[in-house]
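Containing mmCIF, C-alpha atoms: model-v5.cif.
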```cif
data_entry
#
loop_
_atom_site.label_atom_id
_atom_site.label_comp_id
_atom_site.auth_asym_id
_atom_site.auth_seq_id
_atom_site.Cartn_x
_atom_site.Cartn_y
_atom_site.Cartn_z
CA MET A 1 -4.29 6.18 20.83
CA VAL A 2 -2.30 6.98 17.72
CA ASN A 3 0.83 5.13 16.78
CA ASN A 4 3.55 7.75 16.68
CA LYS A 5 5.96 5.73 14.59
CA GLY A 6 6.68 7.25 11.20
CA LEU A 7 6.25 5.51 7.88
CA LEU A 8 8.86 4.30 5.42
CA ILE A 9 7.52 5.12 1.99
CA VAL A 10 9.37 3.36 -0.81
CA ILE A 11 8.91 4.92 -4.23
CA SER A 12 10.13 2.82 -7.09
CA GLY A 13 9.55 2.11 -10.77
CA PRO A 14 11.43 1.81 -14.05
CA SER A 15 14.15 4.36 -14.76
CA ALA A 16 12.99 7.63 -16.38
CA VAL A 17 9.44 7.12 -15.07
CA GLY A 18 9.71 10.32 -13.04
CA LYS A 19 10.34 9.01 -9.49
CA GLY A 20 12.84 11.75 -8.68
CA THR A 21 10.62 14.62 -9.82
CA ILE A 22 7.68 13.22 -7.88
CA CYS A 23 9.71 12.87 -4.67
CA LYS A 24 11.20 16.35 -4.95
CA GLU A 25 7.73 17.79 -5.46
CA LEU A 26 6.37 15.87 -2.46
CA VAL A 27 9.08 17.26 -0.21
CA LYS A 28 8.72 20.76 -1.74
CA ARG A 29 5.05 20.82 -0.80
CA GLY A 30 6.20 20.62 2.79
CA ILE A 31 4.05 17.75 3.93
CA ASP A 32 4.28 17.43 7.71
CA ASN A 33 7.06 15.24 8.94
CA LEU A 34 8.16 14.08 5.51
CA GLU A 35 11.88 13.65 4.84
CA LEU A 36 13.87 12.25 1.95
CA SER A 37 16.19 9.43 2.88
CA VAL A 38 19.89 10.22 2.39
CA SER A 39 22.03 7.53 0.76
CA ALA A 40 25.59 6.58 1.56
CA THR A 41 28.11 6.30 -1.26
CA THR A 42 31.79 5.68 -1.87
CA ARG A 43 31.96 8.06 -4.81
CA ARG A 44 33.78 11.37 -4.35
CA PRO A 45 31.64 14.41 -3.50
CA ARG A 46 30.92 16.68 -6.47
CA GLN A 47 31.22 20.42 -6.11
CA GLY A 48 28.61 21.80 -3.75
CA GLU A 49 27.60 18.41 -2.38
CA ILE A 50 27.44 18.31 1.40
CA ASP A 51 28.05 15.22 3.54
CA GLY A 52 24.85 14.25 5.35
CA ILE A 53 22.66 16.35 3.03
CA ASN A 54 23.25 15.01 -0.49
CA TYR A 55 24.96 11.80 0.57
CA TYR A 56 26.86 10.27 3.41
CA PHE A 57 30.30 10.01 1.82
CA LYS A 58 32.14 6.91 3.00
CA GLU A 59 35.49 5.30 2.31
CA LYS A 60 35.27 2.00 0.46
CA GLU A 61 36.59 0.03 3.45
CA VAL A 62 34.04 1.62 5.77
CA PHE A 63 31.21 0.90 3.33
CA GLU A 64 32.28 -2.74 2.99
CA LYS A 65 32.38 -3.14 6.77
CA MET A 66 28.86 -1.74 6.90
CA ILE A 67 27.77 -4.31 4.32
CA GLU A 68 29.31 -7.07 6.45
CA ARG A 69 27.49 -5.82 9.53
CA GLU A 70 24.23 -5.72 7.55
CA ASP A 71 23.96 -2.00 8.21
CA PHE A 72 22.07 -1.31 4.98
CA LEU A 73 18.40 -1.48 4.12
CA GLU A 74 19.67 -1.97 0.57
CA PHE A 75 22.89 -1.36 -1.34
CA ALA A 76 24.24 -1.76 -4.85
CA ARG A 77 27.55 -1.54 -6.63
CA VAL A 78 27.44 0.66 -9.72
CA TYR A 79 30.67 0.32 -11.69
CA ASP A 80 33.38 1.17 -9.13
CA ASN A 81 31.20 2.73 -6.48
CA TYR A 82 28.81 1.58 -3.81
CA TYR A 83 25.49 3.22 -3.02
CA GLY A 84 23.25 2.24 -0.13
CA THR A 85 20.65 3.25 2.44
CA PRO A 86 21.95 3.08 6.01
CA LYS A 87 19.38 1.27 8.11
CA LYS A 88 20.06 3.19 11.34
CA ASN A 89 19.38 6.65 9.93
CA VAL A 90 16.04 5.59 8.52
CA MET A 91 15.00 3.67 11.64
CA ASP A 92 15.94 6.56 13.95
CA LYS A 93 13.81 8.97 11.93
CA ILE A 94 10.87 6.57 11.92
CA SER A 95 11.14 6.05 15.68
CA ASN A 96 11.03 9.83 16.08
CA GLY A 97 7.77 9.97 14.14
CA LYS A 98 9.22 11.19 10.84
CA ASP A 99 7.96 9.73 7.57
CA VAL A 100 10.87 8.82 5.34
CA ILE A 101 10.66 8.74 1.56
CA LEU A 102 13.04 6.40 -0.18
CA GLU A 103 13.33 6.83 -3.95
CA ILE A 104 14.95 3.75 -5.30
CA ASP A 105 15.21 1.39 -8.26
CA ILE A 106 13.37 -1.92 -8.43
CA GLN A 107 16.31 -4.03 -7.25
CA GLY A 108 16.80 -1.77 -4.24
CA ALA A 109 13.11 -1.82 -3.35
CA LYS A 110 13.23 -5.63 -3.37
CA GLN A 111 16.03 -5.56 -0.79
CA VAL A 112 14.17 -3.02 1.36
CA LYS A 113 11.12 -5.26 1.35
CA ARG A 114 13.19 -8.13 2.70
CA ASN A 115 14.62 -5.90 5.45
CA TYR A 116 11.59 -3.83 6.42
CA GLU A 117 8.23 -5.39 5.60
CA ASP A 118 6.30 -2.54 7.26
CA GLY A 119 7.26 -0.16 4.48
CA ILE A 120 4.65 1.25 2.11
CA PHE A 121 5.71 0.16 -1.37
CA ILE A 122 4.52 2.42 -4.19
CA PHE A 123 5.20 1.56 -7.82
CA ILE A 124 5.32 4.47 -10.27
CA MET A 125 3.97 3.26 -13.58
CA PRO A 126 4.55 4.99 -16.92
CA PRO A 127 1.27 5.88 -18.68
CA SER A 128 2.60 3.92 -21.68
CA PHE A 129 5.86 2.56 -22.98
CA LYS A 130 5.79 5.10 -25.78
CA GLU A 131 5.79 7.85 -23.18
CA LEU A 132 8.60 6.17 -21.22
CA LYS A 133 10.66 5.89 -24.41
CA SER A 134 10.27 9.57 -25.16
CA ARG A 135 11.29 10.43 -21.57
CA ILE A 136 14.44 8.32 -21.94
CA VAL A 137 15.23 10.03 -25.24
CA LYS A 138 14.80 13.45 -23.62
CA ARG A 139 17.35 12.56 -20.95
CA GLY A 140 20.17 12.33 -23.47
CA THR A 141 21.37 10.63 -26.60
CA GLU A 142 21.22 6.89 -26.53
CA THR A 143 22.18 4.47 -29.26
CA GLN A 144 19.40 2.31 -30.69
CA LYS A 145 20.98 -0.72 -29.00
CA ASP A 146 21.06 1.00 -25.60
CA MET A 147 17.50 2.09 -26.12
CA ASP A 148 16.28 -1.43 -26.95
CA LYS A 149 18.09 -2.74 -23.87
CA ARG A 150 16.52 -0.11 -21.63
CA MET A 151 13.04 -0.77 -22.96
CA THR A 152 13.34 -4.53 -22.49
CA CYS A 153 14.63 -3.89 -18.98
CA ALA A 154 11.73 -1.52 -18.27
CA PHE A 155 9.26 -4.14 -19.47
CA GLU A 156 10.74 -6.66 -17.05
CA GLU A 157 10.68 -4.09 -14.26
CA VAL A 158 7.04 -3.17 -14.80
CA GLN A 159 6.14 -6.78 -14.11
CA GLN A 160 7.47 -6.36 -10.58
CA ALA A 161 4.55 -4.00 -9.86
CA LYS A 162 2.60 -6.98 -8.55
CA TYR A 163 4.79 -7.08 -5.42
CA TYR A 164 3.92 -3.52 -4.42
CA ASP A 165 1.14 -2.14 -2.20
CA TYR A 166 0.10 0.70 -4.50
CA ILE A 167 0.38 1.61 -8.15
CA VAL A 168 0.48 5.26 -9.20
CA VAL A 169 0.39 5.98 -12.92
CA ASN A 170 2.55 9.03 -13.64
CA ASP A 171 0.42 10.54 -16.38
CA ASP A 172 0.43 13.94 -14.71
CA LEU A 173 2.87 15.17 -12.06
CA ASN A 174 0.28 16.96 -9.90
CA SER A 175 -2.10 14.06 -9.91
CA ALA A 176 0.66 11.55 -9.11
CA VAL A 177 1.93 13.69 -6.23
CA GLU A 178 -1.60 14.12 -4.86
CA LYS A 179 -2.14 10.36 -4.98
CA ILE A 180 1.03 9.69 -3.02
CA TYR A 181 0.11 12.42 -0.53
CA CYS A 182 -3.24 10.67 -0.08
CA ILE A 183 -1.63 7.25 0.29
CA ILE A 184 0.53 8.60 3.14
CA LYS A 185 -2.46 10.30 4.81
CA ALA A 186 -4.59 7.18 4.45
CA GLU A 187 -1.89 4.82 5.70
CA LYS A 188 -1.74 6.88 8.88
CA CYS A 189 -5.43 6.10 9.46
CA ARG A 190 -5.02 2.34 8.96
CA LEU A 191 -6.14 0.28 11.92
CA SER A 192 -2.80 -1.53 12.05
CA ARG A 193 -1.04 1.79 12.76
CA TYR A 194 -3.17 2.44 15.83
CA HIS A 195 -2.69 1.14 19.26
CA ILE A 196 -6.24 1.25 20.55
CA ASP A 197 -6.13 1.98 24.24
CA LEU A 198 -9.56 2.79 25.60
CA SER A 199 -8.51 3.20 29.21
CA GLY A 200 -8.68 6.99 28.85
CA PHE A 201 -12.22 6.70 27.51
CA LYS A 202 -13.22 4.34 30.31
CA GLU A 203 -12.17 6.84 32.98
CA GLU A 204 -14.43 9.44 31.43
CA LEU A 205 -17.47 7.19 31.75
CA MET B 1 -5.00 -1.53 -16.52
CA VAL B 2 -7.23 0.10 -13.95
CA ASN B 3 -10.07 -1.69 -12.29
CA ASN B 4 -13.18 0.30 -13.11
CA LYS B 5 -15.31 -1.10 -10.32
CA GLY B 6 -16.37 1.48 -7.77
CA LEU B 7 -15.79 1.24 -4.04
CA LEU B 8 -18.26 0.69 -1.23
CA ILE B 9 -17.17 3.00 1.58
CA VAL B 10 -18.82 2.20 4.89
CA ILE B 11 -18.70 5.02 7.42
CA SER B 12 -19.67 4.04 10.91
CA GLY B 13 -19.08 4.92 14.54
CA PRO B 14 -21.00 5.63 17.76
CA SER B 15 -24.11 7.79 17.52
CA ALA B 16 -23.53 11.57 17.71
CA VAL B 17 -19.92 11.16 16.58
CA GLY B 18 -20.63 13.24 13.47
CA LYS B 19 -20.94 10.55 10.73
CA GLY B 20 -23.81 12.34 9.01
CA THR B 21 -22.11 15.74 8.87
CA ILE B 22 -18.93 14.17 7.51
CA CYS B 23 -20.77 12.29 4.77
CA LYS B 24 -22.82 15.31 3.73
CA GLU B 25 -19.62 17.38 3.52
CA LEU B 26 -17.89 14.67 1.45
CA VAL B 27 -20.72 14.65 -1.08
CA LYS B 28 -20.96 18.47 -1.04
CA ARG B 29 -17.32 18.72 -2.06
CA GLY B 30 -18.29 16.97 -5.25
CA ILE B 31 -15.69 14.25 -5.26
CA ASP B 32 -15.73 12.44 -8.57
CA ASN B 33 -18.11 9.55 -8.77
CA LEU B 34 -19.12 9.66 -5.13
CA GLU B 35 -22.73 8.94 -4.24
CA LEU B 36 -24.56 8.49 -0.97
CA SER B 37 -26.39 5.21 -0.64
CA VAL B 38 -30.18 5.53 -0.35
CA SER B 39 -31.91 3.39 2.26
CA ALA B 40 -35.25 1.66 2.03
CA THR B 41 -37.77 2.11 4.81
CA THR B 42 -41.32 1.22 5.75
CA ARG B 43 -41.94 4.48 7.55
CA ARG B 44 -44.23 7.03 5.91
CA PRO B 45 -42.58 9.81 3.88
CA ARG B 46 -42.31 13.12 5.71
CA GLN B 47 -43.20 16.35 3.95
CA GLY B 48 -40.77 17.07 1.15
CA GLU B 49 -39.20 13.62 1.15
CA ILE B 50 -38.91 12.07 -2.29
CA ASP B 51 -38.98 8.36 -3.05
CA GLY B 52 -35.61 7.27 -4.44
CA ILE B 53 -33.84 10.42 -3.20
CA ASN B 54 -34.32 10.47 0.57
CA TYR B 55 -35.47 6.89 0.92
CA TYR B 56 -37.04 4.11 -1.06
CA PHE B 57 -40.43 3.97 0.63
CA LYS B 58 -41.74 0.40 0.83
CA GLU B 59 -44.80 -1.31 2.20
CA LYS B 60 -44.11 -3.55 5.17
CA GLU B 61 -45.03 -6.71 3.22
CA VAL B 62 -42.70 -5.78 0.36
CA PHE B 63 -39.86 -5.05 2.80
CA GLU B 64 -40.34 -8.39 4.56
CA LYS B 65 -40.29 -10.24 1.23
CA MET B 66 -37.01 -8.47 0.44
CA ILE B 67 -35.61 -9.63 3.78
CA GLU B 68 -36.64 -13.20 2.96
CA ARG B 69 -34.94 -12.99 -0.45
CA GLU B 70 -31.78 -11.62 1.24
CA ASP B 71 -32.08 -8.47 -0.83
CA PHE B 72 -30.43 -6.28 1.83
CA LEU B 73 -26.80 -5.54 2.56
CA GLU B 74 -28.10 -4.78 6.05
CA PHE B 75 -31.40 -4.01 7.70
CA ALA B 76 -32.79 -3.21 11.13
CA ARG B 77 -36.13 -2.84 12.79
CA VAL B 78 -36.46 0.38 14.77
CA TYR B 79 -39.65 0.34 16.84
CA ASP B 80 -42.38 -0.30 14.25
CA ASN B 81 -40.40 0.42 11.13
CA TYR B 82 -37.78 -1.29 9.03
CA TYR B 83 -34.74 0.42 7.55
CA GLY B 84 -32.30 -1.26 5.18
CA THR B 85 -29.82 -0.93 2.33
CA PRO B 86 -30.98 -2.69 -0.85
CA LYS B 87 -28.09 -4.76 -2.17
CA LYS B 88 -28.94 -4.39 -5.85
CA ASN B 89 -28.88 -0.58 -5.93
CA VAL B 90 -25.45 -0.46 -4.34
CA MET B 91 -24.02 -3.25 -6.50
CA ASP B 92 -25.34 -1.67 -9.71
CA LYS B 93 -23.67 1.63 -8.86
CA ILE B 94 -20.39 -0.08 -8.02
CA SER B 95 -20.46 -2.06 -11.28
CA ASN B 96 -20.92 1.25 -13.11
CA GLY B 97 -17.78 2.63 -11.49
CA LYS B 98 -19.50 4.79 -8.89
CA ASP B 99 -18.16 4.93 -5.35
CA VAL B 100 -20.96 4.51 -2.85
CA ILE B 101 -20.86 5.95 0.66
CA LEU B 102 -22.90 4.14 3.26
CA GLU B 103 -23.37 5.96 6.56
CA ILE B 104 -24.52 3.44 9.07
CA ASP B 105 -24.48 2.40 12.73
CA ILE B 106 -22.14 -0.25 14.11
CA GLN B 107 -24.66 -3.09 13.94
CA GLY B 108 -25.42 -2.29 10.30
CA ALA B 109 -21.75 -2.10 9.38
CA LYS B 110 -21.25 -5.56 10.88
CA GLN B 111 -23.96 -6.95 8.59
CA VAL B 112 -22.48 -5.19 5.54
CA LYS B 113 -19.09 -6.71 6.31
CA ARG B 114 -20.64 -10.18 6.27
CA ASN B 115 -22.31 -9.47 2.92
CA TYR B 116 -19.61 -7.47 1.12
CA GLU B 117 -16.08 -8.04 2.36
CA ASP B 118 -14.60 -5.81 -0.35
CA GLY B 119 -16.01 -2.71 1.32
CA ILE B 120 -13.73 -0.11 2.86
CA PHE B 121 -14.72 0.10 6.52
CA ILE B 122 -13.99 3.43 8.21
CA PHE B 123 -14.63 3.96 11.91
CA ILE B 124 -15.27 7.53 13.04
CA MET B 125 -13.86 7.93 16.52
CA PRO B 126 -14.80 10.72 18.94
CA PRO B 127 -11.76 12.72 20.10
CA SER B 128 -12.83 11.90 23.67
CA PHE B 129 -15.88 10.63 25.51
CA LYS B 130 -16.28 14.04 27.11
CA GLU B 131 -16.63 15.53 23.63
CA LEU B 132 -19.09 12.81 22.58
CA LYS B 133 -21.16 13.47 25.70
CA SER B 134 -21.37 17.17 24.94
CA ARG B 135 -22.43 16.39 21.35
CA ILE B 136 -25.20 14.12 22.63
CA VAL B 137 -26.35 16.84 25.04
CA LYS B 138 -26.43 19.38 22.20
CA ARG B 139 -28.72 17.12 20.20
CA GLY B 140 -31.51 17.43 22.72
CA THR B 141 -32.55 16.95 26.29
CA GLU B 142 -31.81 13.55 27.69
CA THR B 143 -32.44 12.30 31.18
CA GLN B 144 -29.39 11.32 33.23
CA LYS B 145 -30.42 7.68 32.91
CA ASP B 146 -30.69 7.89 29.11
CA MET B 147 -27.35 9.64 29.02
CA ASP B 148 -25.61 6.96 31.08
CA LYS B 149 -27.10 4.29 28.84
CA ARG B 150 -25.93 6.06 25.69
CA MET B 151 -22.42 6.50 27.03
CA THR B 152 -22.12 2.85 28.08
CA CYS B 153 -23.40 1.87 24.64
CA ALA B 154 -20.89 4.21 22.96
CA PHE B 155 -18.08 2.69 25.00
CA GLU B 156 -19.07 -0.78 23.80
CA GLU B 157 -19.34 0.48 20.21
CA VAL B 158 -15.91 2.10 20.24
CA GLN B 159 -14.41 -1.32 20.97
CA GLN B 160 -15.69 -2.51 17.59
CA ALA B 161 -13.16 -0.20 15.92
CA LYS B 162 -10.72 -3.10 15.78
CA TYR B 163 -12.76 -4.75 13.04
CA TYR B 164 -12.45 -1.77 10.71
CA ASP B 165 -9.85 -0.94 8.04
CA TYR B 166 -9.35 2.68 9.00
CA ILE B 167 -9.89 4.89 12.03
CA VAL B 168 -10.61 8.59 11.58
CA VAL B 169 -10.75 10.71 14.71
CA ASN B 170 -13.37 13.42 14.29
CA ASP B 171 -11.59 16.20 16.14
CA ASP B 172 -12.10 18.61 13.27
CA LEU B 173 -14.62 18.32 10.42
CA ASN B 174 -12.28 19.50 7.66
CA SER B 175 -9.46 17.27 8.72
CA ALA B 176 -11.77 14.23 9.05
CA VAL B 177 -13.28 14.86 5.60
CA GLU B 178 -9.81 15.25 4.06
CA LYS B 179 -8.69 11.99 5.63
CA ILE B 180 -11.65 10.12 4.18
CA TYR B 181 -11.09 11.76 0.79
CA CYS B 182 -7.49 10.53 0.95
CA ILE B 183 -8.54 7.03 2.00
CA ILE B 184 -10.79 6.81 -1.08
CA LYS B 185 -8.05 8.16 -3.39
CA ALA B 186 -5.46 5.81 -1.89
CA GLU B 187 -7.72 2.76 -2.05
CA LYS B 188 -8.09 3.36 -5.78
CA CYS B 189 -4.30 3.00 -6.12
CA ARG B 190 -4.12 -0.28 -4.19
CA LEU B 191 -2.58 -3.11 -6.13
CA SER B 192 -5.60 -5.34 -5.46
CA ARG B 193 -7.83 -2.88 -7.35
CA TYR B 194 -5.73 -3.14 -10.51
CA HIS B 195 -5.90 -5.73 -13.14
CA ILE B 196 -2.37 -5.56 -14.49
CA ASP B 197 -2.47 -6.33 -18.15
CA LEU B 198 0.84 -5.57 -19.81
CA SER B 199 -0.14 -6.78 -23.26
CA GLY B 200 -0.58 -3.18 -24.42
CA PHE B 201 2.91 -2.35 -23.20
CA LYS B 202 4.36 -5.43 -24.89
CA GLU B 203 3.02 -4.37 -28.27
CA GLU B 204 4.80 -1.04 -27.91
CA LEU B 205 8.19 -2.71 -27.44
#
```

Turn the structure described in the file into structure tokens.
Amino acid sequence: MVNNKGLLIVISGPSAVGKGTICKELVKRGIDNLELSVSATTRRPRQGEIDGINYYFKEKEVFEKMIEREDFLEFARVYDNYYGTPKKNVMDKISNGKDVILEIDIQGAKQVKRNYEDGIFIFIMPPSFKELKSRIVKRGTETQKDMDKRMTCAFEEVQQAKYYDYIVVNDDLNSAVEKIYCIIKAEKCRLSRYHIDLSGFKEEL
Amino acid sequence: MVNNKGLLIVISGPSAVGKGTICKELVKRGIDNLELSVSATTRRPRQGEIDGINYYFKEKEVFEKMIEREDFLEFARVYDNYYGTPKKNVMDKISNGKDVILEIDIQGAKQVKRNYEDGIFIFIMPPSFKELKSRIVKRGTETQKDMDKRMTCAFEEVQQAKYYDYIVVNDDLNSAVEKIYCIIKAEKCRLSRYHIDLSGFKEEL
């Protein structure tokens, strides 16, 4: 009776909100069937990075052909390099009953939504802008101008929350991770994920 | 930013599926803010039963006036007695941020859905009809004719699952309780339960 298709769980939110830490923790807790999506990129591998584990490393020409063929759930160009989520990898996992977590910025999430409406879209919200600011500061030195730009950008991004299915305030790592765990568990119980076939029941009558 | 209104969680399913045990276990685990709904009835109190705790005990005339005034989320007549869920008690709790669990049969759940669409409707599904049959047998002696009637009725009831938001298969008490716990947690993160007011954030910019 259960639908054996996996879920695509899209975790997004402003930069420095803690998306990455939350996703790592989710995977670390070893939730059944949960896998992080692996991105493709044209940037060179750094020491220790393994193709297919950290990224799928692609030549620029190959990546651009994939863009043409609409092979990506989402992609972006950052300075001289491309980054993207290959559609086939994700879809294969989902068909095999795996739940795939995609940690991604707001622009990327928007593209995923256009390409895969069945995804579960979770917006990670900072508890306050003050807190977000201090997290950005902790990540490294920023000039005041950069900081102002990032905060204005974050304010615009937070307004995108209204297009998501769920909002999780990241005031505490454990609590945020538990909420996302629960969202995944609950989504698996949603009526729309079941194919109700009562023929087995009928035979038992 | 959070919506402080509580949730009405309606737990239903065929008789003997284990609704009552699940709900008692949920409340026993002491989940924040969770309260069982208390029904009103015209039947006499049994020894040890306390008005307002086990039931609200009402005179028949009072109960019928309440029906006339549409004071019930749902009600039913069982032989000579009425049973029902007073709307005001539930709504007051929800307004005060409490989550109310309502354990109820399929007919009652249907009435609640008409009266309070915002409820979270969870259908408890037996793992199989064979299992349901053995649970009914365990509850007491039934004639073969009664048994056949109950099973046909259960088969009809199970088809109502398609009108619910979530389906939880009761193959294991702990796992069913955890799923419902997660559904409640997840529902509290749903976008529709938030009132997104970013004015506080704006002032911090």

Using all atoms listed in the file, what does the table of chain A residues within 6 Å of chain B look like, with each row giving the shortest atom pair and its distance in Å to one decimal, sorted by chain and ascending number, as a Markdown table?
```
| residue | atom | partner | partner_atom | distance |
| --- | --- | --- | --- | --- |
| A:Phe129 | CA | B:Phe201 | CA | 5.7 |
| A:Asp165 | CA | B:Leu191 | CA | 5.5 |
| A:Tyr166 | CA | B:Arg190 | CA | 4.3 |
| A:Ile167 | CA | B:Cys189 | CA | 5.3 |
| A:Cys182 | CA | B:Cys182 | CA | 4.4 |
| A:Ile183 | CA | B:Ala186 | CA | 4.6 |
| A:Ala186 | CA | B:Ile183 | CA | 4.7 |
| A:Cys189 | CA | B:Tyr166 | CA | 5.2 |
| A:Arg190 | CA | B:Tyr166 | CA | 4.3 |
| A:Leu191 | CA | B:Tyr166 | CA | 5.0 |
| A:Phe201 | CA | B:Phe129 | CA | 5.7 |
```

Residues from last step as file, C-alpha atoms, as a compact mmCIF listing (two decimals), keeping the file's coordinate frame:
```txt
# COMPACT_ATOMS: atom_id res chain seq x y z
CA PHE A 129 5.86 2.56 -22.98
CA ASP A 165 1.14 -2.14 -2.20
CA TYR A 166 0.10 0.70 -4.50
CA ILE A 167 0.38 1.61 -8.15
CA CYS A 182 -3.24 10.67 -0.08
CA ILE A 183 -1.63 7.25 0.29
CA ALA A 186 -4.59 7.18 4.45
CA CYS A 189 -5.43 6.10 9.46
CA ARG A 190 -5.02 2.34 8.96
CA LEU A 191 -6.14 0.28 11.92
CA PHE A 201 -12.22 6.70 27.51
```

Review point. Mind telling me what the PyMOL selection byres ((chain A and resi 63) around 12) catches here, as a PyMOL selection string?
Key: chain A and resi 39-43+56-62+64-72+75-77+81-86

Exercise for review: Write out as a list in words the residues lying within 9 Å of Pro45 of chain A, counting all atoms listed in the file and excluding same-chain residues fewer than 4 positions away.
Suggested key: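 After dropping sequence-adjacent residues, the list is Glu49, Ile50, Asp51, Asn54, Tyr55 and Phe57 of chain A.
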
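The space separating atom CA of Val90 of chain A from atom CA of Leu73 of chain A comes to 8.7 Å.
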
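Reported to one decimal place, the separation of atom CA of Ile22 of chain B from atom CA of Ile136 of chain B is 16.4 Å.
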
Review point. Interatomic distance between atom CA of Gly6 of chain A and atom CA of Met91 of chain A?
Key: 9.1 Å

Exercise for review: Return as a list of chain:residue names the set of residues that the PyMOL selection byres ((chain A and resi 96) around 12) yields on the displayed structure.
Suggested key: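 The output of the PyMOL selection byres ((chain A and resi 96) around 12) on this file is A:Asn3, A:Asn4, A:Lys5, A:Gly6, A:Leu7, A:Asn33, A:Leu34, A:Glu35, A:Asn89, A:Val90, A:Met91, A:Asp92, A:Lys93, A:Ile94, A:Ser95, A:Gly97, A:Lys98, A:Asp99, A:Val100.
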
Centre, x/y/z edge lengths, axis-aligned box for segment 139-158 of chain B with 3 Å per side, as AutoDock Vina command-line options:
```
--center_x -24.2 --center_y 8.3 --center_z 26.7 --size_x 22.6 --size_y 24.2 --size_z 19.0
```

Check your understanding: Which residue, B:Asp172, B:Glu131, B:Glu74, B:Glu156, has the smallest gap to Tyr116 of chain B when you use only C-alpha atoms?
Key ->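 So, comparing all the options, the nearest one is B:Glu74.
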
Point to revise | Neighbours of point (-25.9, 4.4, 17.4) within 10 Å, using all atoms listed in the file, written as number ranges by chain | key: B: 12-17, 104-108, 150, 153-154, 157
